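Containing compact mmCIF, C-alpha atoms: protein21.txt.
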```txt
# COMPACT_ATOMS: atom_id res chain seq x y z
CA MET A 1 33.38 4.39 -6.94
CA ALA A 2 34.85 3.42 -10.30
CA GLN A 3 34.21 5.18 -13.57
CA HIS A 4 32.48 3.23 -16.34
CA TRP A 5 33.08 3.03 -20.08
CA THR A 6 30.48 3.93 -22.68
CA HIS A 7 30.41 2.76 -26.28
CA ARG A 8 28.41 5.83 -27.31
CA GLY A 9 31.20 7.96 -28.64
CA GLY A 10 33.74 6.30 -26.39
CA GLY A 11 35.31 7.64 -23.24
CA TRP A 12 35.00 7.31 -19.50
CA LEU A 13 31.90 8.62 -17.75
CA PRO A 14 31.69 9.91 -14.17
CA PRO A 15 30.84 7.27 -11.57
CA ARG A 16 27.18 6.40 -11.22
CA SER A 17 25.32 7.43 -8.07
CA PRO A 18 24.52 4.50 -5.78
CA ARG A 19 20.98 3.18 -6.15
CA PRO A 20 20.14 0.59 -3.50
CA GLY A 21 16.42 1.19 -3.87
CA VAL A 22 13.95 2.97 -6.11
CA ILE A 23 15.98 6.16 -6.70
CA PRO A 24 19.65 7.09 -7.04
CA LEU A 25 21.08 8.67 -3.88
CA ARG A 26 21.58 12.15 -5.30
CA PRO A 27 19.41 15.19 -6.07
CA LEU A 28 16.65 14.06 -8.39
CA GLY A 29 15.38 15.32 -11.71
CA PRO A 30 11.72 15.11 -12.78
CA ARG A 31 12.43 11.90 -14.69
CA ASP A 32 14.05 10.35 -11.60
CA ILE A 33 10.97 11.18 -9.52
CA LEU A 34 8.60 9.71 -12.12
CA ASP A 35 10.74 6.61 -12.54
CA GLY A 36 11.07 6.25 -8.77
CA THR A 37 7.32 6.59 -8.30
CA LEU A 38 6.57 3.91 -10.87
CA THR A 39 9.27 1.65 -9.44
CA THR A 40 7.91 2.15 -5.92
CA LEU A 41 4.41 1.25 -7.04
CA GLY A 42 5.74 -1.75 -8.96
CA ARG A 43 7.72 -3.13 -6.01
CA TYR A 44 5.55 -2.08 -3.08
CA GLY A 45 2.19 -1.15 -4.59
CA GLY A 46 0.44 -4.34 -3.47
CA ARG A 47 1.54 -3.92 0.12
CA LEU A 48 0.73 -0.21 0.06
CA LEU A 49 -2.78 -0.82 -1.27
CA GLY A 50 -3.26 -3.74 1.12
CA ALA A 51 -2.35 -1.62 4.14
CA LEU A 52 -4.56 1.22 2.91
CA LEU A 53 -7.54 -1.09 2.38
CA LEU A 54 -7.09 -2.65 5.82
CA GLY A 55 -7.00 0.78 7.44
CA GLN A 56 -10.02 1.93 5.45
CA LEU A 57 -11.92 -1.22 6.43
CA ALA A 58 -11.41 -0.39 10.10
CA GLY A 59 -12.59 3.17 9.44
CA LEU A 60 -15.57 1.88 7.45
CA LEU A 61 -16.68 -0.34 10.33
CA LEU A 62 -16.56 2.68 12.62
CA LEU A 63 -18.51 4.72 10.06
CA VAL A 64 -21.20 2.02 9.85
CA ALA A 65 -21.49 2.07 13.64
CA VAL A 66 -21.92 5.84 13.62
CA ALA A 67 -24.46 5.61 10.78
CA GLY A 68 -26.43 3.01 12.73
CA ALA A 69 -26.50 5.18 15.82
CA ALA A 70 -27.52 8.20 13.75
CA THR A 71 -30.30 6.20 12.09
CA LEU A 72 -31.68 5.10 15.46
CA ALA A 73 -31.60 8.68 16.66
CA ALA A 74 -33.27 9.95 13.51
CA VAL A 75 -36.32 7.71 13.88
CA THR A 76 -37.15 9.05 17.34
CA ARG A 77 -39.76 11.78 17.59
CA THR A 78 -37.53 14.20 19.46
CA ALA A 79 -34.47 14.00 17.24
CA GLY A 80 -35.83 14.04 13.73
CA SER A 81 -33.85 13.73 10.53
CA ARG A 82 -31.53 16.62 11.39
CA VAL A 83 -29.62 14.42 13.83
CA PHE A 84 -29.01 11.91 11.06
CA VAL A 85 -27.66 14.56 8.68
CA HIS A 86 -25.66 16.44 11.31
CA THR A 87 -24.06 13.21 12.52
CA LEU A 88 -23.50 11.26 9.32
CA VAL A 89 -22.19 14.05 7.07
CA PRO A 90 -19.29 15.01 9.40
CA ALA A 91 -18.56 11.30 9.94
CA VAL A 92 -18.29 10.69 6.19
CA ALA A 93 -16.09 13.78 5.75
CA LEU A 94 -13.83 12.64 8.57
CA PHE A 95 -13.66 9.14 7.07
CA LEU A 96 -12.52 10.55 3.72
CA LEU A 97 -9.95 12.85 5.35
CA ALA A 98 -8.67 10.01 7.53
CA GLY A 99 -8.26 7.82 4.45
CA TRP A 100 -6.29 10.59 2.77
CA ALA A 101 -4.12 10.97 5.88
CA LEU A 102 -3.63 7.20 6.11
CA ALA A 103 -2.43 7.03 2.49
CA THR A 104 0.06 9.83 3.15
CA ALA A 105 1.29 8.25 6.38
CA LEU A 106 1.73 4.89 4.65
CA ALA A 107 3.67 6.46 1.78
CA ALA A 108 5.87 8.33 4.28
CA ALA A 109 6.53 5.12 6.21
CA LEU A 110 7.43 3.43 2.93
CA LEU A 111 9.96 6.08 1.89
CA ARG A 112 12.96 4.86 3.90
CA PRO A 113 12.71 1.13 3.02
CA ALA A 114 11.93 1.98 -0.62
CA VAL A 115 14.96 4.25 -0.96
CA LEU A 116 17.22 1.72 0.76
CA GLY A 117 15.76 -1.27 -1.09
CA ARG A 118 14.53 -3.03 2.04
CA PRO A 119 11.51 -5.35 2.20
CA VAL A 120 8.31 -4.40 4.01
CA THR A 121 5.13 -6.22 4.93
CA THR A 122 1.56 -4.96 4.79
CA LEU A 123 1.06 -5.18 8.56
CA GLY A 124 4.52 -3.73 9.26
CA LEU A 125 3.75 -0.78 7.02
CA LEU A 126 0.41 -0.24 8.75
CA ARG A 127 2.01 -0.42 12.21
CA ALA A 128 4.67 2.11 11.22
CA ALA A 129 2.12 4.53 9.75
CA ALA A 130 -0.60 4.33 12.41
CA PRO A 131 1.10 6.56 15.06
CA ARG A 132 1.65 9.28 12.44
CA ILE A 133 -1.95 9.52 11.24
CA PRO A 134 -3.11 12.24 13.73
CA ALA A 135 -0.18 14.54 12.87
CA VAL A 136 -0.60 13.91 9.13
CA LEU A 137 -4.33 14.59 9.39
CA GLY A 138 -3.67 17.79 11.34
CA ALA A 139 -1.15 18.97 8.75
CA ARG A 140 -3.58 18.10 5.96
CA LEU A 141 -6.42 20.04 7.61
CA LEU A 142 -4.23 23.07 8.31
CA ALA A 143 -2.98 23.07 4.70
CA LEU A 144 -6.57 22.89 3.41
CA LEU A 145 -7.61 25.66 5.80
CA ALA A 146 -4.77 27.89 4.66
CA ALA A 147 -5.57 27.35 0.98
CA ALA A 148 -9.36 27.34 1.10
CA GLY A 149 -9.95 29.53 4.14
CA PRO A 150 -9.96 32.93 2.40
CA GLY A 151 -12.31 31.67 -0.31
CA ALA A 152 -14.63 30.05 2.23
CA ALA A 153 -14.71 33.28 4.24
CA ALA A 154 -15.57 35.24 1.08
CA VAL A 155 -18.38 32.81 0.24
CA ALA A 156 -19.68 33.00 3.81
CA ALA A 157 -19.66 36.81 3.52
CA ARG A 158 -21.76 36.45 0.32
CA LEU A 159 -19.33 38.35 -1.84
CA PRO A 160 -20.07 38.37 -5.58
CA PRO A 161 -18.39 35.64 -7.69
CA LEU A 162 -16.09 38.14 -9.37
CA ALA A 163 -14.64 39.02 -5.98
CA LEU A 164 -13.54 35.40 -5.58
CA LEU A 165 -11.42 35.35 -8.73
CA PRO A 166 -8.37 37.11 -7.20
CA LEU A 167 -8.42 34.55 -4.38
CA ALA A 168 -7.94 31.57 -6.74
CA PRO A 169 -4.21 32.22 -7.44
CA VAL A 170 -3.65 32.77 -3.71
CA ALA A 171 -5.33 29.46 -2.89
CA LEU A 172 -3.24 27.66 -5.52
CA TRP A 173 -0.01 29.24 -4.29
CA LEU A 174 -0.72 28.33 -0.67
CA GLY A 175 -1.85 24.82 -1.63
CA VAL A 176 1.46 24.12 -3.36
CA LEU A 177 3.48 25.88 -0.64
CA PHE A 178 2.08 23.50 1.98
CA ALA A 179 1.84 20.44 -0.28
CA LEU A 180 4.74 18.66 1.45
CA ALA A 181 3.50 19.28 5.00
CA PRO A 182 1.64 15.94 5.39
CA THR A 183 4.70 14.03 4.19
CA ALA A 184 6.91 15.97 6.61
CA ALA A 185 4.52 15.09 9.46
CA GLY A 186 4.59 11.42 8.48
CA TYR A 187 8.28 11.03 7.68
CA GLU A 188 9.83 13.21 10.38
CA GLY A 189 7.15 12.95 13.03
CA LEU A 190 6.64 16.72 13.13
CA GLY A 191 3.56 18.35 14.57
CA PRO A 192 1.06 19.94 12.14
CA VAL A 193 2.34 23.53 12.52
CA ALA A 194 6.00 22.49 12.33
CA ALA A 195 5.18 20.40 9.25
CA LEU A 196 3.67 23.43 7.51
CA ARG A 197 6.79 25.46 8.31
CA ARG A 198 8.99 22.65 6.97
CA SER A 199 6.97 22.45 3.75
CA ALA A 200 7.21 26.20 3.21
CA ARG A 201 10.99 26.01 3.70
CA LEU A 202 11.34 23.10 1.29
CA VAL A 203 9.09 24.58 -1.41
CA ARG A 204 10.64 28.06 -1.23
CA GLY A 205 12.53 28.58 -4.48
CA ALA A 206 11.01 25.44 -6.01
CA TRP A 207 7.32 26.32 -6.23
CA TRP A 208 7.00 25.51 -9.93
CA ARG A 209 8.96 22.29 -9.49
CA THR A 210 6.60 21.22 -6.71
CA PHE A 211 3.58 22.19 -8.79
CA GLY A 212 5.00 20.28 -11.76
CA VAL A 213 5.25 17.04 -9.75
CA THR A 214 2.22 17.09 -7.45
CA VAL A 215 -0.43 18.27 -9.92
CA PRO A 216 0.39 15.78 -12.73
CA ALA A 217 0.58 12.97 -10.16
CA GLY A 218 -2.88 13.85 -8.89
CA THR A 219 -4.20 14.12 -12.44
CA LEU A 220 -2.82 10.69 -13.37
CA ALA A 221 -4.32 9.23 -10.20
CA LEU A 222 -7.70 10.69 -11.06
CA GLY A 223 -7.47 9.29 -14.60
CA ALA A 224 -6.55 5.84 -13.27
CA ALA A 225 -9.37 5.94 -10.71
CA LEU A 226 -11.86 6.74 -13.48
CA ALA A 227 -10.50 4.14 -15.90
CA VAL A 228 -10.23 1.17 -13.52
CA PRO A 229 -13.99 0.80 -12.89
CA LEU A 230 -14.67 0.85 -16.62
CA ARG A 231 -12.22 -2.01 -17.17
CA PHE A 232 -12.73 -4.13 -14.06
CA GLY A 233 -16.34 -3.39 -13.12
CA VAL A 234 -17.35 -3.73 -9.49
CA LEU A 235 -13.86 -4.74 -8.35
CA GLY A 236 -12.42 -1.69 -10.09
CA ALA A 237 -15.02 0.54 -8.46
CA LEU A 238 -13.96 -0.75 -5.05
CA LEU A 239 -10.27 -0.21 -5.81
CA ALA A 240 -10.64 3.19 -7.48
CA PRO A 241 -10.78 5.29 -4.26
CA ALA A 242 -7.69 3.51 -2.93
CA LEU A 243 -5.81 4.16 -6.18
CA LEU A 244 -6.85 7.81 -6.09
CA LEU A 245 -5.48 8.11 -2.55
CA ALA A 246 -2.34 5.99 -2.93
CA PHE A 247 -0.89 6.92 -6.33
CA PRO A 248 0.09 10.60 -5.79
CA GLN A 249 1.71 10.02 -2.39
CA PRO A 250 4.99 8.31 -3.49
CA ALA A 251 5.61 11.14 -5.96
CA SER A 252 5.17 13.76 -3.22
CA GLY A 253 7.37 11.70 -0.91
CA LEU A 254 10.22 11.46 -3.40
CA LEU A 255 9.95 15.17 -4.16
CA TYR A 256 10.15 15.81 -0.42
CA LEU A 257 13.34 13.72 -0.13
CA ASP A 258 14.78 15.49 -3.14
CA ARG A 259 14.25 18.86 -1.50
CA LEU A 260 15.93 17.60 1.68
CA LEU A 261 18.93 16.46 -0.35
CA ARG A 262 19.18 19.76 -2.18
CA LEU A 263 18.95 21.91 0.94
CA GLY A 264 21.69 20.00 2.69
CA PRO A 265 22.18 18.05 5.91
CA GLY A 266 20.91 20.89 8.06
CA LEU A 267 17.36 19.90 7.16
CA SER A 268 17.88 16.16 7.01
CA PRO A 269 15.97 14.14 9.61
CA GLY A 270 18.76 11.57 9.67
```

Represent the structure from my file as structure tokens, please.
Amino acid sequence: MAQHWTHRGGGWLPPRSPRPGVIPLRPLGPRDILDGTLTTLGRYGGRLLGALLLGQLAGLLLLVAVAGAATLAAVTRTAGSRVFVHTLVPAVALFLLAGWALATALAAALLRPAVLGRPVTTLGLLRAAAPRIPAVLGARLLALLAAAGPGAAAVAARLPPLALLPLAPVALWLGVLFALAPTAAGYEGLGPVAALRRSARLVRGAWWRTFGVTVPAGTLALGAALAVPLRFGVLGALLAPALLLAFPQPASGLLYLDRLLRLGPGLSPG
């Protein structure tokens, strides 16, 4: 790879890293990850959102069917309203978690073509992500359980609020430690437990770096999801949940690839 000349002070600079897609093929800095995330959303955002909305539509139809069955059960004399609540609330929670897992699986399926600069289609992206959804969902649930489990147990034990304060840093630490597990499950096809182990290995020694990428990405996504309905009305309100799910995932995916590059070929999925 040839060196290139710069007019800023003169002289020859080292050769540039190849960049066939959204990021240069080298270990990434925070600016590279941000730029790569925005470039990914600019090039593939429409197809990513389209695949996410199609998947959510299928889940919504299933949720409506469950809600209808729960409503019919609730109006019977023997079931009562408890059947409606006990059926619908878990169904809604599962729908939201499945949407989160779908967004992660789609972003993981998009990583390779985005990095290599290859085209993708909405249906092709959905087909590639669909088989990974159960593993991604399992990794997501295990990560949430690890982070929130101690606090939930303390609440269930009716401990005083002050007793929960020391658990907050532990929950944050565990949440960041396992933040890359869903991406590992989607990109490498790992099982949920193996994905958590992979995330812990990747984040070890880079906890603050992981925190500094994932938390701002989530905050920006939340800001965009709140701003879009104000600007675009009903259409924005319909798109806001998809934006909240889709925006942080490319940033986590690029951070995941960066950690693979930094830790060497021994961890690379190939």

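Minimum atom-to-atom distance to A:Arg132, evaluated using all atoms listed in the file, belongs to A:Pro182 out of A:Gly59, A:Pro119, A:Pro182, A:Gly50.
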
Contact residues around A:Ala217 with all atoms listed in the file at 8 Å, ignoring same-chain residues under 4 positions, as a tab-separated table (two decimals) with C-alpha atoms, in the coordinates of the input:
```tsv
chain	number	residue	atom	x	y	z
A	213	VAL	CA	5.25	17.04	-9.75
A	221	ALA	CA	-4.32	9.23	-10.20
A	247	PHE	CA	-0.89	6.92	-6.33
A	248	PRO	CA	0.09	10.60	-5.79
A	251	ALA	CA	5.61	11.14	-5.96
```

- Task: May I ask for the distance between atom CA of A:Val136 and atom CA of A:Thr183, given in Å to one decimal place?
- Result: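 Taking atom CA of A:Val136 as the start and atom CA of A:Thr183 as the end point, the length is 7.2 Å.
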
- Task: Between A:Phe95, A:Trp208, A:Trp100, A:Tyr187, single out the one closest to A:Ala242, counting only C-alpha atoms.
- Result: A:Trp100

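As for atom CA of A:Pro169 and atom CA of A:Thr214, they are spaced 16.4 Å apart.
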
- Which one of A:Gly117, A:Leu106, A:Phe232, A:Leu52 sits closest to A:Arg19 if you count only C-alpha atoms?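 Closest candidate: A:Gly117.
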
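Reported to one decimal place, the separation of atom CA of A:Gly218 from atom CA of A:Arg259 is 19.3 Å.
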
- Identify, on the basis of only C-alpha atoms, every residue whose closest approach to stretch 103-105 of chain A does not exceed 12 Å; exclude the query and any residue fewer than 5 positions from it along the same chain; express the result as a ChimeraX atom specification. /A:45,47-56,96-98,110-111,125-140,179-189,241-253

Produce the centre coordinates and the three edge lengths, each in Å to one decimal, of the box along x, y and z that contains all listed atoms of stretch 182-193 of chain A with 4 Å added on each side, as AutoDock Vina command-line options.
```
--center_x 5.4 --center_y 17.3 --center_z 9.4 --size_x 16.8 --size_y 20.5 --size_z 18.4
```

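Minimum atom-to-atom distance to A:Arg26, evaluated using all atoms listed in the file, belongs to A:Val115 out of A:Ala225, A:Val115, A:Val64, A:Ala237.
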
- Who sits within 10 Å of A:Pro150, all atoms listed in the file, same chain under 2 positions skipped, as a count of residues only: 14

- Go through A:Arg31, A:Gly212, A:Leu144, A:Leu235 and flag the residue nearest A:Leu196, using all atoms listed in the file for the distances.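 Using all atoms listed in the file, A:Leu196 sits closest to A:Leu144.
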
All heavy atoms restored at stretch 58-69 of chain A, emitted as a short mmCIF file (atom, residue, chain, number, x, y, z; two decimals), in the frame of the given file:
```
data_model
loop_
_atom_site.label_atom_id
_atom_site.label_comp_id
_atom_site.auth_asym_id
_atom_site.auth_seq_id
_atom_site.Cartn_x
_atom_site.Cartn_y
_atom_site.Cartn_z
N ALA A 58 -11.19 -0.72 8.69
CA ALA A 58 -11.41 -0.39 10.10
C ALA A 58 -12.20 0.91 10.23
O ALA A 58 -13.14 1.02 11.03
CB ALA A 58 -10.07 -0.27 10.83
N GLY A 59 -11.84 1.91 9.42
CA GLY A 59 -12.59 3.17 9.44
C GLY A 59 -14.02 3.00 8.96
O GLY A 59 -14.95 3.64 9.48
N LEU A 60 -14.22 2.11 7.97
CA LEU A 60 -15.57 1.88 7.45
C LEU A 60 -16.46 1.22 8.50
O LEU A 60 -17.65 1.56 8.62
CB LEU A 60 -15.49 1.01 6.20
CG LEU A 60 -16.82 0.75 5.47
CD1 LEU A 60 -17.43 2.06 5.00
CD2 LEU A 60 -16.59 -0.20 4.29
N LEU A 61 -15.90 0.29 9.26
CA LEU A 61 -16.68 -0.34 10.33
C LEU A 61 -17.12 0.70 11.36
O LEU A 61 -18.25 0.67 11.84
CB LEU A 61 -15.86 -1.45 10.99
CG LEU A 61 -15.56 -2.67 10.11
CD1 LEU A 61 -14.64 -3.65 10.85
CD2 LEU A 61 -16.84 -3.37 9.68
N LEU A 62 -16.20 1.61 11.68
CA LEU A 62 -16.56 2.68 12.62
C LEU A 62 -17.63 3.58 12.02
O LEU A 62 -18.57 4.01 12.72
CB LEU A 62 -15.30 3.48 12.97
CG LEU A 62 -15.49 4.62 13.98
CD1 LEU A 62 -16.02 4.08 15.31
CD2 LEU A 62 -14.18 5.37 14.17
N LEU A 63 -17.51 3.88 10.72
CA LEU A 63 -18.51 4.72 10.06
C LEU A 63 -19.88 4.06 10.07
O LEU A 63 -20.90 4.72 10.27
CB LEU A 63 -18.06 5.02 8.63
CG LEU A 63 -19.00 5.89 7.78
CD1 LEU A 63 -19.16 7.27 8.41
CD2 LEU A 63 -18.48 6.01 6.35
N VAL A 64 -19.92 2.75 9.82
CA VAL A 64 -21.20 2.02 9.85
C VAL A 64 -21.82 2.09 11.24
O VAL A 64 -23.04 2.26 11.39
CB VAL A 64 -20.98 0.56 9.41
CG1 VAL A 64 -22.22 -0.28 9.68
CG2 VAL A 64 -20.62 0.50 7.93
N ALA A 65 -20.97 1.97 12.27
CA ALA A 65 -21.49 2.07 13.64
C ALA A 65 -22.08 3.45 13.90
O ALA A 65 -23.16 3.58 14.50
CB ALA A 65 -20.37 1.77 14.63
N VAL A 66 -21.40 4.49 13.44
CA VAL A 66 -21.92 5.84 13.62
C VAL A 66 -23.21 6.03 12.83
O VAL A 66 -24.18 6.63 13.33
CB VAL A 66 -20.86 6.87 13.18
CG1 VAL A 66 -21.44 8.28 13.15
CG2 VAL A 66 -19.66 6.83 14.10
N ALA A 67 -23.25 5.49 11.59
CA ALA A 67 -24.46 5.61 10.78
C ALA A 67 -25.63 4.90 11.43
O ALA A 67 -26.77 5.39 11.41
CB ALA A 67 -24.20 5.05 9.38
N GLY A 68 -25.36 3.73 12.03
CA GLY A 68 -26.43 3.01 12.73
C GLY A 68 -26.96 3.79 13.90
O GLY A 68 -28.18 3.88 14.11
N ALA A 69 -26.05 4.37 14.68
CA ALA A 69 -26.50 5.18 15.82
C ALA A 69 -27.28 6.40 15.36
O ALA A 69 -28.29 6.77 15.97
CB ALA A 69 -25.29 5.59 16.66
#
```
